[in-house]
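Reproduced below: coords16.pdb, with PDB, C-alpha atoms, pLDDT in the B column.
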```
MODEL        1
ATOM      1  CA  MET A 198       0.000   0.000   0.000  1.00 72.00           C
ATOM      2  CA  THR A 199       1.413   3.408  -0.953  1.00 79.00           C
ATOM      3  CA  ALA A 200       1.761   6.347   1.423  1.00 81.00           C
ATOM      4  CA  ARG A 201      -1.063   8.085  -0.487  1.00 84.00           C
ATOM      5  CA  GLU A 202      -3.362   5.089  -0.007  1.00 82.00           C
ATOM      6  CA  GLN A 203      -2.514   5.025   3.702  1.00 86.00           C
ATOM      7  CA  TYR A 204      -3.116   8.754   4.199  1.00 89.00           C
ATOM      8  CA  THR A 205      -6.201   9.705   6.187  1.00 90.00           C
ATOM      9  CA  PRO A 206      -6.712  13.310   7.315  1.00 92.00           C
ATOM     10  CA  SER A 207      -6.875  13.939  11.045  1.00 90.00           C
ATOM     11  CA  ALA A 208      -9.959  15.463  12.651  1.00 92.00           C
ATOM     12  CA  ALA A 209     -10.602  19.165  12.056  1.00 95.00           C
ATOM     13  CA  PHE A 210      -8.340  21.302  14.259  1.00 95.00           C
ATOM     14  CA  GLY A 211      -6.324  24.507  14.386  1.00 95.00           C
ATOM     15  CA  ALA A 212      -8.859  26.629  12.512  1.00 96.00           C
ATOM     16  CA  GLU A 213     -11.016  29.615  13.275  1.00 96.00           C
ATOM     17  CA  VAL A 214     -12.974  32.221  11.371  1.00 96.00           C
ATOM     18  CA  HIS A 215     -12.661  35.977  11.806  1.00 95.00           C
ATOM     19  CA  LYS A 216     -15.843  37.760  10.736  1.00 91.00           C
ATOM     20  CA  GLU A 217     -16.091  41.409   9.759  1.00 87.00           C
ATOM     21  CA  GLY A 218     -19.582  41.807   8.304  1.00 81.00           C
ATOM     22  CA  GLU A 219     -19.629  39.977   4.979  1.00 79.00           C
ATOM     23  CA  LYS A 220     -15.828  39.594   4.983  1.00 86.00           C
ATOM     24  CA  TRP A 221     -14.793  36.255   6.469  1.00 93.00           C
ATOM     25  CA  THR A 222     -11.205  35.160   6.976  1.00 96.00           C
ATOM     26  CA  LEU A 223     -10.202  31.556   7.537  1.00 97.00           C
ATOM     27  CA  VAL A 224      -7.232  31.222   9.901  1.00 98.00           C
ATOM     28  CA  LEU A 225      -5.420  27.871   9.989  1.00 97.00           C
ATOM     29  CA  VAL A 226      -2.450  27.139  12.254  1.00 98.00           C
ATOM     30  CA  ARG A 227      -0.117  24.137  12.014  1.00 97.00           C
ATOM     31  CA  ASP A 228       3.082  23.292  13.828  1.00 97.00           C
ATOM     32  CA  LEU A 229       5.489  21.667  11.379  1.00 96.00           C
ATOM     33  CA  ARG A 230       8.670  19.742  12.238  1.00 95.00           C
ATOM     34  CA  HIS A 231      10.667  21.677   9.652  1.00 97.00           C
ATOM     35  CA  SER A 232      12.679  24.904   9.804  1.00 97.00           C
ATOM     36  CA  PRO A 233      11.177  28.221   8.698  1.00 98.00           C
ATOM     37  CA  ALA A 234      13.686  28.352   5.798  1.00 98.00           C
ATOM     38  CA  LYS A 235      12.526  24.942   4.540  1.00 97.00           C
ATOM     39  CA  VAL A 236       8.830  25.849   4.913  1.00 98.00           C
ATOM     40  CA  TRP A 237       9.432  29.218   3.194  1.00 98.00           C
ATOM     41  CA  LYS A 238      10.926  27.440   0.193  1.00 98.00           C
ATOM     42  CA  ALA A 239       7.868  25.152   0.008  1.00 98.00           C
ATOM     43  CA  LEU A 240       5.564  28.217   0.053  1.00 98.00           C
ATOM     44  CA  THR A 241       7.439  30.169  -2.612  1.00 98.00           C
ATOM     45  CA  ASP A 242       9.364  27.874  -4.981  1.00 98.00           C
ATOM     46  CA  PRO A 243       7.269  26.742  -8.002  1.00 98.00           C
ATOM     47  CA  GLU A 244       8.800  23.254  -7.923  1.00 97.00           C
ATOM     48  CA  HIS A 245       7.819  22.803  -4.267  1.00 97.00           C
ATOM     49  CA  LEU A 246       4.350  24.322  -4.785  1.00 97.00           C
ATOM     50  CA  ARG A 247       3.658  21.578  -7.351  1.00 96.00           C
ATOM     51  CA  GLU A 248       4.037  19.030  -4.545  1.00 96.00           C
ATOM     52  CA  TRP A 249       1.196  20.313  -2.349  1.00 97.00           C
ATOM     53  CA  ALA A 250      -0.472  23.651  -3.245  1.00 97.00           C
ATOM     54  CA  PRO A 251      -3.839  24.146  -4.973  1.00 95.00           C
ATOM     55  CA  PHE A 252      -2.123  26.394  -7.531  1.00 95.00           C
ATOM     56  CA  ASP A 253       1.006  26.606  -9.658  1.00 96.00           C
ATOM     57  CA  SER A 254       3.060  29.777  -9.975  1.00 97.00           C
ATOM     58  CA  ASP A 255       4.933  31.058 -13.004  1.00 97.00           C
ATOM     59  CA  ARG A 256       7.716  32.348 -10.736  1.00 98.00           C
ATOM     60  CA  ASN A 257       9.163  32.179  -7.247  1.00 98.00           C
ATOM     61  CA  LEU A 258       6.795  33.999  -4.867  1.00 98.00           C
ATOM     62  CA  GLY A 259       9.631  34.961  -2.505  1.00 98.00           C
ATOM     63  CA  ALA A 260       9.864  38.506  -3.890  1.00 97.00           C
ATOM     64  CA  THR A 261       7.277  41.253  -4.350  1.00 98.00           C
ATOM     65  CA  GLY A 262       5.810  41.885  -7.786  1.00 97.00           C
ATOM     66  CA  ALA A 263       3.484  40.355 -10.354  1.00 97.00           C
ATOM     67  CA  ALA A 264       2.990  36.602 -10.750  1.00 97.00           C
ATOM     68  CA  LYS A 265       0.511  34.275 -12.413  1.00 97.00           C
ATOM     69  CA  LEU A 266      -1.152  31.586 -10.329  1.00 96.00           C
ATOM     70  CA  SER A 267      -2.933  28.724 -12.112  1.00 94.00           C
ATOM     71  CA  THR A 268      -5.578  26.725 -10.272  1.00 92.00           C
ATOM     72  CA  VAL A 269      -4.845  22.997 -10.260  1.00 90.00           C
ATOM     73  CA  GLY A 270      -7.352  20.186 -10.496  1.00 82.00           C
ATOM     74  CA  THR A 271     -10.225  22.182 -11.988  1.00 81.00           C
ATOM     75  CA  PRO A 272     -11.855  21.131 -15.275  1.00 81.00           C
ATOM     76  CA  THR A 273     -10.541  24.325 -16.883  1.00 83.00           C
ATOM     77  CA  PRO A 274      -7.372  25.832 -15.347  1.00 79.00           C
ATOM     78  CA  GLN A 275      -8.008  29.339 -14.096  1.00 89.00           C
ATOM     79  CA  VAL A 276      -5.049  31.696 -14.360  1.00 93.00           C
ATOM     80  CA  SER A 277      -5.044  34.674 -11.999  1.00 93.00           C
ATOM     81  CA  GLU A 278      -2.790  37.678 -12.195  1.00 94.00           C
ATOM     82  CA  THR A 279      -1.570  38.215  -8.660  1.00 94.00           C
ATOM     83  CA  GLN A 280       0.558  40.704  -6.860  1.00 95.00           C
ATOM     84  CA  VAL A 281       2.934  39.518  -4.159  1.00 97.00           C
ATOM     85  CA  LYS A 282       2.442  42.405  -1.734  1.00 97.00           C
ATOM     86  CA  ARG A 283       4.908  41.325   0.939  1.00 98.00           C
ATOM     87  CA  ALA A 284       7.742  38.819   0.933  1.00 98.00           C
ATOM     88  CA  ASP A 285       9.786  38.923   4.130  1.00 98.00           C
ATOM     89  CA  PRO A 286      11.722  35.617   4.141  1.00 97.00           C
ATOM     90  CA  PRO A 287      11.263  33.422   6.078  1.00 97.00           C
ATOM     91  CA  LYS A 288       8.572  35.230   8.076  1.00 98.00           C
ATOM     92  CA  VAL A 289       5.679  36.698   6.057  1.00 98.00           C
ATOM     93  CA  LEU A 290       4.273  36.175   2.567  1.00 98.00           C
ATOM     94  CA  GLU A 291       1.197  38.054   1.322  1.00 98.00           C
ATOM     95  CA  PHE A 292      -0.512  37.927  -2.060  1.00 97.00           C
ATOM     96  CA  ASN A 293      -3.924  37.969  -3.674  1.00 93.00           C
ATOM     97  CA  TRP A 294      -5.241  34.825  -5.380  1.00 90.00           C
ATOM     98  CA  GLY A 295      -8.414  35.067  -7.447  1.00 87.00           C
ATOM     99  CA  GLY A 296      -9.579  38.161  -5.575  1.00 88.00           C
ATOM    100  CA  GLN A 297      -8.902  36.625  -2.149  1.00 92.00           C
ATOM    101  CA  ASP A 298      -6.167  37.882   0.152  1.00 95.00           C
ATOM    102  CA  ILE A 299      -3.756  35.257   1.450  1.00 97.00           C
ATOM    103  CA  ARG A 300      -1.214  35.816   4.205  1.00 98.00           C
ATOM    104  CA  TRP A 301       1.284  33.235   5.466  1.00 98.00           C
ATOM    105  CA  GLU A 302       3.231  33.750   8.695  1.00 98.00           C
ATOM    106  CA  LEU A 303       6.098  31.521   9.774  1.00 98.00           C
ATOM    107  CA  GLU A 304       7.199  31.548  13.394  1.00 98.00           C
ATOM    108  CA  PRO A 305      10.240  29.557  14.557  1.00 98.00           C
ATOM    109  CA  LEU A 306       9.587  27.043  17.319  1.00 97.00           C
ATOM    110  CA  ALA A 307      12.026  25.945  20.039  1.00 95.00           C
ATOM    111  CA  ASP A 308      12.417  22.477  18.468  1.00 93.00           C
ATOM    112  CA  ASN A 309      13.642  23.982  15.138  1.00 94.00           C
ATOM    113  CA  GLY A 310      10.134  23.571  13.723  1.00 97.00           C
ATOM    114  CA  THR A 311       7.769  26.205  12.371  1.00 98.00           C
ATOM    115  CA  ARG A 312       4.338  27.443  13.381  1.00 98.00           C
ATOM    116  CA  LEU A 313       2.672  28.118  10.030  1.00 98.00           C
ATOM    117  CA  THR A 314      -0.381  30.393  10.066  1.00 98.00           C
ATOM    118  CA  LEU A 315      -2.538  31.008   7.011  1.00 98.00           C
ATOM    119  CA  TRP A 316      -5.093  33.820   6.716  1.00 98.00           C
ATOM    120  CA  HIS A 317      -7.348  33.381   3.667  1.00 97.00           C
ATOM    121  CA  ASN A 318     -10.398  35.528   2.840  1.00 95.00           C
ATOM    122  CA  ILE A 319     -13.084  33.120   1.615  1.00 91.00           C
ATOM    123  CA  ASP A 320     -16.756  33.666   0.842  1.00 89.00           C
ATOM    124  CA  ARG A 321     -18.627  32.454   3.924  1.00 87.00           C
ATOM    125  CA  ARG A 322     -20.602  29.924   1.844  1.00 89.00           C
ATOM    126  CA  TYR A 323     -17.332  28.117   1.072  1.00 91.00           C
ATOM    127  CA  ILE A 324     -15.374  28.641   4.286  1.00 94.00           C
ATOM    128  CA  SER A 325     -15.667  25.048   5.559  1.00 95.00           C
ATOM    129  CA  MET A 326     -14.820  23.711   2.096  1.00 94.00           C
ATOM    130  CA  GLY A 327     -11.724  25.927   2.092  1.00 94.00           C
ATOM    131  CA  ALA A 328     -10.754  24.745   5.572  1.00 96.00           C
ATOM    132  CA  ALA A 329     -11.084  21.094   4.520  1.00 96.00           C
ATOM    133  CA  GLY A 330      -9.030  21.710   1.374  1.00 95.00           C
ATOM    134  CA  TRP A 331      -6.263  23.627   3.148  1.00 96.00           C
ATOM    135  CA  HIS A 332      -6.216  20.982   5.924  1.00 96.00           C
ATOM    136  CA  ILE A 333      -5.380  18.316   3.325  1.00 96.00           C
ATOM    137  CA  CYS A 334      -2.868  20.627   1.588  1.00 96.00           C
ATOM    138  CA  PHE A 335      -1.080  21.200   4.918  1.00 96.00           C
ATOM    139  CA  ASP A 336      -0.927  17.443   5.527  1.00 95.00           C
ATOM    140  CA  VAL A 337       0.502  16.870   2.032  1.00 95.00           C
ATOM    141  CA  LEU A 338       2.991  19.717   2.623  1.00 97.00           C
ATOM    142  CA  ASP A 339       4.158  18.154   5.894  1.00 95.00           C
ATOM    143  CA  HIS A 340       4.636  14.756   4.218  1.00 95.00           C
ATOM    144  CA  SER A 341       6.516  16.360   1.324  1.00 96.00           C
ATOM    145  CA  LEU A 342       8.851  18.293   3.632  1.00 96.00           C
ATOM    146  CA  ALA A 343       9.577  15.065   5.517  1.00 95.00           C
ATOM    147  CA  GLY A 344      10.637  13.370   2.260  1.00 94.00           C
ATOM    148  CA  GLN A 345       7.504  11.193   2.228  1.00 92.00           C
ATOM    149  CA  ALA A 346       5.661  12.755  -0.715  1.00 92.00           C
ATOM    150  CA  ILE A 347       2.118  11.497  -1.233  1.00 93.00           C
ATOM    151  CA  GLY A 348       1.311  13.758  -4.175  1.00 93.00           C
ATOM    152  CA  ARG A 349      -0.872  16.804  -4.491  1.00 94.00           C
ATOM    153  CA  ILE A 350      -4.516  16.329  -3.417  1.00 93.00           C
ATOM    154  CA  VAL A 351      -6.532  19.394  -4.491  1.00 92.00           C
ATOM    155  CA  GLY A 352      -9.764  20.526  -6.139  1.00 87.00           C
ATOM    156  CA  PRO A 353     -12.257  17.843  -7.175  1.00 86.00           C
ATOM    157  CA  ASP A 354      -9.663  15.142  -6.378  1.00 86.00           C
ATOM    158  CA  ALA A 355      -9.570  16.336  -2.758  1.00 89.00           C
ATOM    159  CA  MET A 356     -13.368  16.345  -2.584  1.00 88.00           C
ATOM    160  CA  LYS A 357     -13.414  12.688  -3.704  1.00 86.00           C
ATOM    161  CA  PHE A 358     -10.601  11.756  -1.337  1.00 81.00           C
ATOM    162  CA  GLY A 359     -11.463   9.763   1.765  1.00 76.00           C
ATOM    163  CA  GLY A 360     -11.839  12.093   4.711  1.00 88.00           C
ATOM    164  CA  TRP A 361     -12.613  15.319   2.839  1.00 92.00           C
ATOM    165  CA  GLN A 362     -16.390  15.162   3.371  1.00 92.00           C
ATOM    166  CA  ARG A 363     -15.854  14.394   7.062  1.00 94.00           C
ATOM    167  CA  LEU A 364     -13.499  17.385   7.393  1.00 95.00           C
ATOM    168  CA  HIS A 365     -15.964  19.602   5.522  1.00 95.00           C
ATOM    169  CA  SER A 366     -18.733  18.608   7.964  1.00 95.00           C
ATOM    170  CA  GLU A 367     -16.504  19.021  11.026  1.00 95.00           C
ATOM    171  CA  TYR A 368     -15.375  22.505   9.983  1.00 96.00           C
ATOM    172  CA  ALA A 369     -18.945  23.534   9.048  1.00 95.00           C
ATOM    173  CA  LYS A 370     -20.101  22.532  12.532  1.00 94.00           C
ATOM    174  CA  GLN A 371     -17.102  24.216  14.182  1.00 94.00           C
ATOM    175  CA  PHE A 372     -17.695  27.470  12.279  1.00 94.00           C
ATOM    176  CA  GLY A 373     -21.481  27.379  12.724  1.00 91.00           C
ATOM    177  CA  VAL A 374     -22.161  27.668   8.991  1.00 89.00           C
ATOM    178  CA  GLY A 375     -24.771  24.952   8.721  1.00 68.00           C
ATOM    179  CA  THR A 376     -24.675  21.321   7.826  1.00 50.00           C
ATOM    180  CA  PRO A 377     -23.297  20.598   4.358  1.00 48.00           C
ATOM    181  CA  ASN A 378     -26.003  19.584   1.926  1.00 50.00           C
ATOM    182  CA  ALA A 379     -24.930  17.807  -1.250  1.00 40.00           C
ATOM    183  CA  THR A 380     -28.074  18.921  -3.104  1.00 37.00           C
ATOM    184  CA  GLU A 381     -27.130  22.585  -2.857  1.00 40.00           C
ATOM    185  CA  PRO A 382     -24.613  23.682  -5.495  1.00 38.00           C
ATOM    186  CA  GLN A 383     -22.437  25.638  -3.065  1.00 38.00           C
ATOM    187  CA  GLY A 384     -22.117  22.613  -0.782  1.00 36.00           C
ATOM    188  CA  GLU A 385     -23.478  24.362   2.315  1.00 34.00           C
ATOM    189  CA  LYS A 386     -26.762  25.848   3.403  1.00 31.00           C
ATOM    190  CA  SER A 387     -26.886  29.609   3.120  1.00 30.00           C
ATOM    191  CA  LEU A 388     -26.935  31.503   6.372  1.00 27.00           C
TER     192      LEU A 388
ENDMDL
END
```
Is it possible to give me this structure as structure tokens?
Amino acid sequence: MTAREQYTPSAAFGAEVHKEGEKWTLVLVRDLRHSPAKVWKALTDPEHLREWAPFDSDRNLGATGAAKLSTVGTPTPQVSETQVKRADPPKVLEFNWGGQDIRWELEPLADNGTRLTLWHNIDRRYISMGAAGWHICFDVLDHSLAGQAIGRIVGPDAMKFGGWQRLHSEYAKQFGVGTPNATEPQGEKSL
């Protein structure tokens, strides 16, 4: 059995939602066993992004300026012009992806690991879906950094993957956004 076949996501954890009117921000926190420099490279280097991220980049994201991010795993790839607003290696990375602000913060831990925090503005109807997707991406990232790559699991592939629906439901309950309903096109009941 391959590492990918053995992979099962853990229960929903390390997530919260900050609400400012209609603007909702998903905040996910993970402690990784890898140094901030190693995690920074995984967040910015196109080759490393292809291992775990839900998008590809046409350039290294470790410097401010324009970049193109291409959504992975969708029926038709969506290319977004983005602007890397802040790149302070290996501490803070900020950019906009498809009209949504994303901020990564890396904090060194005493054991030479990294506390990785993601802030991602997501439409409230999709916030638990985003949390489930990022949860799996973070797991894949951790495996990749440990030299145990299981391959990218994003988009519709992630939604078909064992454990995604459970995560989606757990995050929906945690965030108080209603029980997911497969008959509704957005995947969650409207508030």
Could you list the residues chosen by the PyMOL selection byres ((chain A and resi 228-236) around 9) in this structure as a short mmCIF file (atom, residue, chain, number, x, y, z; two decimals) with C-alpha atoms, in the coordinates of the input?
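Result went into selection_0.cif, see below:
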```cif
data_model
loop_
_atom_site.label_atom_id
_atom_site.label_comp_id
_atom_site.auth_asym_id
_atom_site.auth_seq_id
_atom_site.Cartn_x
_atom_site.Cartn_y
_atom_site.Cartn_z
CA VAL A 226 -2.45 27.14 12.25
CA ARG A 227 -0.12 24.14 12.01
CA TRP A 237 9.43 29.22 3.19
CA LYS A 238 10.93 27.44 0.19
CA ALA A 239 7.87 25.15 0.01
CA LEU A 240 5.56 28.22 0.05
CA THR A 241 7.44 30.17 -2.61
CA PRO A 286 11.72 35.62 4.14
CA PRO A 287 11.26 33.42 6.08
CA LYS A 288 8.57 35.23 8.08
CA LEU A 303 6.10 31.52 9.77
CA GLU A 304 7.20 31.55 13.39
CA PRO A 305 10.24 29.56 14.56
CA LEU A 306 9.59 27.04 17.32
CA ASP A 308 12.42 22.48 18.47
CA ASN A 309 13.64 23.98 15.14
CA GLY A 310 10.13 23.57 13.72
CA THR A 311 7.77 26.20 12.37
CA ARG A 312 4.34 27.44 13.38
CA LEU A 313 2.67 28.12 10.03
CA THR A 314 -0.38 30.39 10.07
CA LEU A 338 2.99 19.72 2.62
CA ASP A 339 4.16 18.15 5.89
CA LEU A 342 8.85 18.29 3.63
CA ALA A 343 9.58 15.06 5.52
#
```
All residues 7 Å or closer to region 263-274 of chain A, all atoms listed in the file, same chain fewer than 5 positions away omitted, as a VMD selection string: chain A and resid 251 to 256 279 to 281 351 to 354
Around all of region 238-256 of chain A's listed atoms, make the axis-aligned box with 4 Å on each side and tell me centre and edge lengths in Å to one decimal, as AutoDock Vina command-line options.
```
--center_x 3.5 --center_y 25.7 --center_z -6.4 --size_x 22.8 --size_y 21.3 --size_z 21.2
```
From the options A:Ala208, A:Trp249, A:Arg322, A:Leu290, which residue's atoms come nearest to Lys220 (chain A), counting only C-alpha atoms?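 Of the candidates, the smallest distance to Lys220 (chain A) is held by A:Arg322.
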Rounded to one decimal, what separation in Å do you get between CA of Leu223 (chain A) and CA of Gly259 (chain A)? 22.5 Å
Shell of 8 Å around region 327-331 of chain A, only C-alpha atoms, local chain residues under 2 positions omitted, as a ChimeraX atom specification: /A:209,212,223,225,319,323-325,333-335,351-352,355-356,361,364-365,368
Keeping only C-alpha atoms, write the selected residues to a file as an mmCIF file, keeping the file's coordinate frame.
```cif
data_model
loop_
_atom_site.group_PDB
_atom_site.id
_atom_site.type_symbol
_atom_site.label_atom_id
_atom_site.label_comp_id
_atom_site.auth_asym_id
_atom_site.auth_seq_id
_atom_site.Cartn_x
_atom_site.Cartn_y
_atom_site.Cartn_z
ATOM 1 C CA ALA A 209 -10.602 19.165 12.056
ATOM 2 C CA ALA A 212 -8.859 26.629 12.512
ATOM 3 C CA LEU A 223 -10.202 31.556 7.537
ATOM 4 C CA LEU A 225 -5.420 27.871 9.989
ATOM 5 C CA ILE A 319 -13.084 33.120 1.615
ATOM 6 C CA TYR A 323 -17.332 28.117 1.072
ATOM 7 C CA ILE A 324 -15.374 28.641 4.286
ATOM 8 C CA SER A 325 -15.667 25.048 5.559
ATOM 9 C CA ILE A 333 -5.380 18.316 3.325
ATOM 10 C CA CYS A 334 -2.868 20.627 1.588
ATOM 11 C CA PHE A 335 -1.080 21.200 4.918
ATOM 12 C CA VAL A 351 -6.532 19.394 -4.491
ATOM 13 C CA GLY A 352 -9.764 20.526 -6.139
ATOM 14 C CA ALA A 355 -9.570 16.336 -2.758
ATOM 15 C CA MET A 356 -13.368 16.345 -2.584
ATOM 16 C CA TRP A 361 -12.613 15.319 2.839
ATOM 17 C CA LEU A 364 -13.499 17.385 7.393
ATOM 18 C CA HIS A 365 -15.964 19.602 5.522
ATOM 19 C CA TYR A 368 -15.375 22.505 9.983
#
```
To one decimal place in Å, what is the distance between CA of Asp336 (chain A) and CA of Gly359 (chain A)? 13.6 Å
Quick check, in Å to one decimal: how far apart do CA of Gly211 (chain A) and CA of Asn293 (chain A) lie?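 Between CA of Gly211 (chain A) and CA of Asn293 (chain A) the gap is 22.7 Å.
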Which of these, A:Val214, A:Leu258, A:Val224, A:Ala200, has the shortest distance to His317 (chain A) once you count all atoms listed in the file? A:Val224
Considering all atoms listed in the file, can you say which of A:Val337, A:Leu315, A:Val289, A:Ile299 comes closest to Leu246 (chain A)?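 Closest to Leu246 (chain A), using all atoms listed in the file: A:Val337.
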Nearest residue to Lys216 (chain A) out of A:His332, A:Ala346, A:Ala369, A:Asp320, using only C-alpha atoms?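 Using only C-alpha atoms, Lys216 (chain A) sits closest to A:Asp320.
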N, CA, C and O atoms for region 200-218 of chain A, written as a short mmCIF file (atom, residue, chain, number, x, y, z; two decimals), keeping the file's coordinate frame, could you do that?
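Final file, selection.cif:
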```cif
data_model
loop_
_atom_site.label_atom_id
_atom_site.label_comp_id
_atom_site.auth_asym_id
_atom_site.auth_seq_id
_atom_site.Cartn_x
_atom_site.Cartn_y
_atom_site.Cartn_z
N ALA A 200 1.98 5.33 0.40
CA ALA A 200 1.76 6.35 1.42
C ALA A 200 0.47 7.11 1.15
O ALA A 200 -0.26 7.47 2.07
N ARG A 201 0.17 7.37 -0.13
CA ARG A 201 -1.06 8.09 -0.49
C ARG A 201 -2.29 7.26 -0.10
O ARG A 201 -3.27 7.80 0.41
N GLU A 202 -2.24 5.96 -0.35
CA GLU A 202 -3.36 5.09 -0.01
C GLU A 202 -3.54 4.97 1.51
O GLU A 202 -4.65 4.76 1.99
N GLN A 203 -2.46 5.12 2.25
CA GLN A 203 -2.51 5.03 3.70
C GLN A 203 -2.93 6.33 4.36
O GLN A 203 -3.35 6.34 5.51
N TYR A 204 -2.82 7.43 3.62
CA TYR A 204 -3.12 8.75 4.20
C TYR A 204 -4.59 8.91 4.53
O TYR A 204 -5.46 8.65 3.71
N THR A 205 -4.86 9.33 5.75
CA THR A 205 -6.20 9.70 6.19
C THR A 205 -6.06 11.01 6.96
O THR A 205 -5.27 11.09 7.90
N PRO A 206 -6.82 12.05 6.59
CA PRO A 206 -6.71 13.31 7.32
C PRO A 206 -7.15 13.16 8.77
O PRO A 206 -8.05 12.38 9.08
N SER A 207 -6.49 13.91 9.63
CA SER A 207 -6.88 13.94 11.04
C SER A 207 -8.21 14.68 11.18
O SER A 207 -8.72 15.23 10.20
N ALA A 208 -8.74 14.70 12.38
CA ALA A 208 -9.96 15.46 12.65
C ALA A 208 -9.67 16.95 12.46
O ALA A 208 -8.52 17.40 12.52
N ALA A 209 -10.73 17.71 12.22
CA ALA A 209 -10.60 19.16 12.06
C ALA A 209 -9.98 19.78 13.31
O ALA A 209 -10.39 19.46 14.43
N PHE A 210 -8.97 20.62 13.13
CA PHE A 210 -8.34 21.30 14.26
C PHE A 210 -7.57 22.51 13.76
O PHE A 210 -7.31 22.65 12.57
N GLY A 211 -7.21 23.39 14.69
CA GLY A 211 -6.32 24.51 14.39
C GLY A 211 -6.90 25.53 13.44
O GLY A 211 -6.15 26.19 12.73
N ALA A 212 -8.23 25.68 13.43
CA ALA A 212 -8.86 26.63 12.51
C ALA A 212 -9.86 27.50 13.25
O ALA A 212 -10.49 27.08 14.21
N GLU A 213 -9.98 28.72 12.78
CA GLU A 213 -11.02 29.62 13.28
C GLU A 213 -11.40 30.57 12.15
O GLU A 213 -10.72 30.63 11.13
N VAL A 214 -12.49 31.26 12.36
CA VAL A 214 -12.97 32.22 11.37
C VAL A 214 -13.06 33.58 12.04
O VAL A 214 -13.60 33.71 13.14
N HIS A 215 -12.51 34.59 11.37
CA HIS A 215 -12.66 35.98 11.81
C HIS A 215 -13.71 36.60 10.90
O HIS A 215 -13.58 36.54 9.67
N LYS A 216 -14.74 37.21 11.50
CA LYS A 216 -15.84 37.76 10.74
C LYS A 216 -15.89 39.27 10.91
O LYS A 216 -15.91 39.77 12.02
N GLU A 217 -15.90 39.95 9.77
CA GLU A 217 -16.09 41.41 9.76
C GLU A 217 -17.19 41.68 8.75
O GLU A 217 -16.92 41.87 7.56
N GLY A 218 -18.45 41.65 9.21
CA GLY A 218 -19.58 41.81 8.30
C GLY A 218 -19.61 40.66 7.31
O GLY A 218 -19.60 39.50 7.68
#
```
